[in-house]
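J.: This is my_file-v7.cif (mmCIF, C-alpha atoms).
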```
data_structure
#
loop_
_atom_site.label_atom_id
_atom_site.label_comp_id
_atom_site.auth_asym_id
_atom_site.auth_seq_id
_atom_site.Cartn_x
_atom_site.Cartn_y
_atom_site.Cartn_z
CA MET C 1 73.13 105.87 88.46
CA SER C 2 69.64 106.28 89.89
CA ASN C 3 66.48 105.60 87.90
CA GLY C 4 64.59 108.26 89.83
CA GLN C 5 62.70 105.91 92.13
CA SER C 6 62.68 106.67 95.83
CA ILE C 7 64.63 104.21 97.98
CA SER C 8 63.55 103.67 101.57
CA LYS C 9 65.93 104.48 104.41
CA GLU C 10 65.66 100.86 105.58
CA LYS C 11 66.77 99.57 102.16
CA ILE C 12 69.63 102.06 102.04
CA ASP C 13 70.80 101.03 105.53
CA ARG C 14 70.53 97.35 104.63
CA ASN C 15 72.51 97.83 101.40
CA VAL C 16 75.18 99.93 103.14
CA SER C 17 75.61 97.31 105.86
CA LYS C 18 75.94 94.56 103.26
CA ALA C 19 78.40 96.62 101.21
CA LYS C 20 80.62 97.25 104.23
CA LYS C 21 80.62 93.54 105.08
CA ASN C 22 81.44 92.63 101.47
CA TYR C 23 84.20 95.25 101.38
CA ILE C 24 85.90 93.68 104.40
CA GLU C 25 85.52 90.16 103.00
CA ASN C 26 86.90 91.19 99.60
CA PHE C 27 89.76 93.11 101.20
CA ARG C 28 90.68 90.12 103.36
CA ASP C 29 90.47 87.76 100.37
CA GLN C 30 92.74 90.04 98.35
CA HIS C 31 95.33 90.80 101.06
CA SER C 32 94.97 87.93 103.58
CA TYR C 33 94.60 90.38 106.48
CA LEU C 34 93.14 93.80 107.28
CA PHE C 35 95.17 97.01 107.38
CA CYS C 36 94.75 100.72 106.82
CA GLU C 37 94.75 101.42 103.10
CA ARG C 38 96.87 104.54 103.58
CA THR C 39 99.28 103.82 106.41
CA LYS C 40 99.35 100.01 105.96
CA ARG C 41 99.07 99.68 109.75
CA SER C 42 97.26 96.68 111.14
CA ASP C 43 97.93 97.33 114.83
CA LEU C 44 95.22 100.00 115.23
CA PRO C 45 91.43 99.70 115.08
CA LEU C 46 90.10 100.11 111.55
CA GLU C 47 86.97 101.81 110.24
CA ARG C 48 85.08 101.42 107.00
CA SER C 49 84.89 104.97 105.74
CA HIS C 50 82.65 106.47 103.07
CA ILE C 51 84.41 108.99 100.87
CA ILE C 52 81.10 110.59 99.95
CA SER C 53 78.91 110.30 103.03
CA VAL C 54 75.71 108.28 103.03
CA LYS C 55 73.84 111.49 103.88
CA GLU C 56 75.33 113.30 100.89
CA CYS C 57 74.56 110.36 98.60
CA GLN C 58 70.92 110.47 99.69
CA GLU C 59 70.57 114.24 99.54
CA SER C 60 72.11 114.45 96.06
CA GLY C 61 69.84 111.73 94.65
CA ARG C 62 72.64 109.17 94.36
CA SER C 63 71.62 106.70 97.07
CA GLU C 64 73.25 103.80 95.20
CA LEU C 65 76.63 105.45 95.71
CA ALA C 66 76.21 104.85 99.46
CA TRP C 67 76.76 101.12 98.93
CA CYS C 68 79.21 101.36 96.03
CA GLN C 69 82.49 99.55 96.83
CA ASN C 70 84.47 102.40 95.20
CA ASN C 71 83.05 104.77 97.81
CA LEU C 72 84.50 102.82 100.74
CA GLU C 73 87.95 102.79 102.32
CA LEU C 74 89.42 100.83 105.24
CA LEU C 75 91.18 103.36 107.44
CA THR C 76 92.47 104.05 110.92
CA ARG C 77 90.48 106.63 112.87
CA ALA C 78 93.12 109.29 112.22
CA GLU C 79 92.97 108.70 108.45
CA HIS C 80 89.17 108.58 108.51
CA LEU C 81 89.11 111.99 110.19
CA LYS C 82 91.19 113.39 107.32
CA VAL C 83 88.41 112.40 104.92
CA GLU C 84 85.78 113.82 107.25
CA ALA C 85 87.66 117.14 107.28
CA LEU C 86 87.42 117.51 103.49
CA SER C 87 84.73 119.72 102.00
CA LYS C 88 81.93 118.06 100.03
CA ALA C 89 83.54 119.25 96.79
CA ASN C 90 86.94 117.86 97.75
CA ARG C 91 85.39 114.55 98.79
CA GLU C 92 83.82 114.30 95.32
CA ILE C 93 87.21 115.01 93.74
CA TRP C 94 88.92 112.46 96.03
CA TYR C 95 86.33 109.84 95.06
CA TRP C 96 87.18 110.23 91.37
CA CYS C 97 90.94 110.53 91.95
CA ARG C 98 90.93 107.33 94.01
CA PHE C 99 88.81 105.62 91.36
CA GLU C 100 91.51 106.55 88.83
CA GLY C 101 94.23 105.11 91.09
CA MET C 102 95.66 108.25 92.71
CA SER C 103 96.98 107.98 96.26
CA PHE C 104 95.59 110.23 98.97
CA GLU C 105 98.98 111.92 99.33
CA GLN C 106 99.08 112.67 95.59
CA PHE C 107 95.54 114.01 95.78
CA LEU C 108 96.38 116.36 98.65
CA LYS C 109 99.47 117.62 96.86
CA GLU C 110 97.93 117.99 93.41
CA TYR C 111 94.84 119.79 94.66
CA LYS C 112 96.80 121.80 97.26
CA ILE C 113 94.64 120.68 100.18
#
```
What's the structure tokens form of this structure?
T.:
Amino acid sequence: MSNGQSISKEKIDRNVSKAKKNYIENFRDQHSYLFCERTKRSDLPLERSHIISVKECQESGRSELAWCQNNLELLTRAEHLKVEALSKANREIWYWCRFEGMSFEQFLKEYKI
């Protein structure tokens, strides 16, 4: 993913902000309205959640992953906290499971989390 060049914090922040905005726009275009990707609720505040945190992306030399659309989810606070509670290793696994089309419930069951 990375070519080994250092990316400034300002550029990372700018790209993450743009990615979150684009994620919301694409989600709205696809579904006509915003809702939690897991619970389907639209009556609660929503958050754009990173599966693999921006900090982890930077520290592991994968800064580009911080603004990757596949690393974002639109969730209620309660669902976002479930991601936050996962270990780094389980967040990596969830990222790939979600990329392959697995639901969060399937992921939790299959990996006995």
J.: In Å, how far is it from atom CA of C:Arg62 to atom CA of C:Ser87?
T.: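 Computing it gives 17.8 Å between the two atoms.
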J.: I would like the residues chosen by the PyMOL selection byres ((chain C and resi 86) around 12) on the shown file; could you give them as a PyMOL selection string?
T.: chain C and resi 51-53+79-85+87-95+104+107-108+111+113
J.: May I ask for the distance between atom CA of C:Ser103 and atom CA of C:Lys55, given in Å to one decimal place?
T.: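 Between atom CA of C:Ser103 and atom CA of C:Lys55 the gap is 24.6 Å.
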J.: Can you work out the spacing between atom CA of C:Leu44 and atom CA of C:Arg14 in Å, to one decimal?
T.: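 We find that atom CA of C:Leu44 and atom CA of C:Arg14 lie 27.0 Å from each other.
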J.: Specify as a list in words each residue included when the PyMOL selection byres ((chain C and resi 37) around 9) is applied to this file.
T.: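 Written out, the selection comes to Leu34, Phe35, Cys36, Arg38, Thr39, Lys40, Arg41, Glu73, Leu74, Leu75 and Thr76 of chain C.
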J.: Mind dumping the selected residues with C-alpha atoms as a compact mmCIF listing (two decimals), keeping the file's coordinate frame?
T.:
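Saved result, result.txt, follows:
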```txt
# COMPACT_ATOMS: atom_id res chain seq x y z
CA LEU C 34 93.14 93.80 107.28
CA PHE C 35 95.17 97.01 107.38
CA CYS C 36 94.75 100.72 106.82
CA ARG C 38 96.87 104.54 103.58
CA THR C 39 99.28 103.82 106.41
CA LYS C 40 99.35 100.01 105.96
CA ARG C 41 99.07 99.68 109.75
CA GLU C 73 87.95 102.79 102.32
CA LEU C 74 89.42 100.83 105.24
CA LEU C 75 91.18 103.36 107.44
CA THR C 76 92.47 104.05 110.92
```
J.: Go ahead and fit an axis-aligned box to every listed atom of stretch 40-57 of chain C plus 5 Å each side, and pass me the centre and edge lengths in Å, one decimal, as JSON.
T.:
```
{"center_x": 86.6, "center_y": 105.0, "center_z": 106.9, "size_x": 35.5, "size_y": 26.6, "size_z": 26.6}
```
J.: Specify as a PyMOL selection string each residue included when the PyMOL selection byres ((chain C and resi 65) around 12) is applied to this file.
T.: chain C and resi 1-2+12+15-16+19+50-64+66-72+92+95
J.: Restricting the calculation to all atoms listed in the file, which member of C:Lys109, C:Lys20, C:Lys11, C:Arg98 is positioned closest to C:Arg48?
T.: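 Comparing C:Lys109, C:Lys20, C:Lys11, C:Arg98 against C:Arg48, the winner is C:Lys20.
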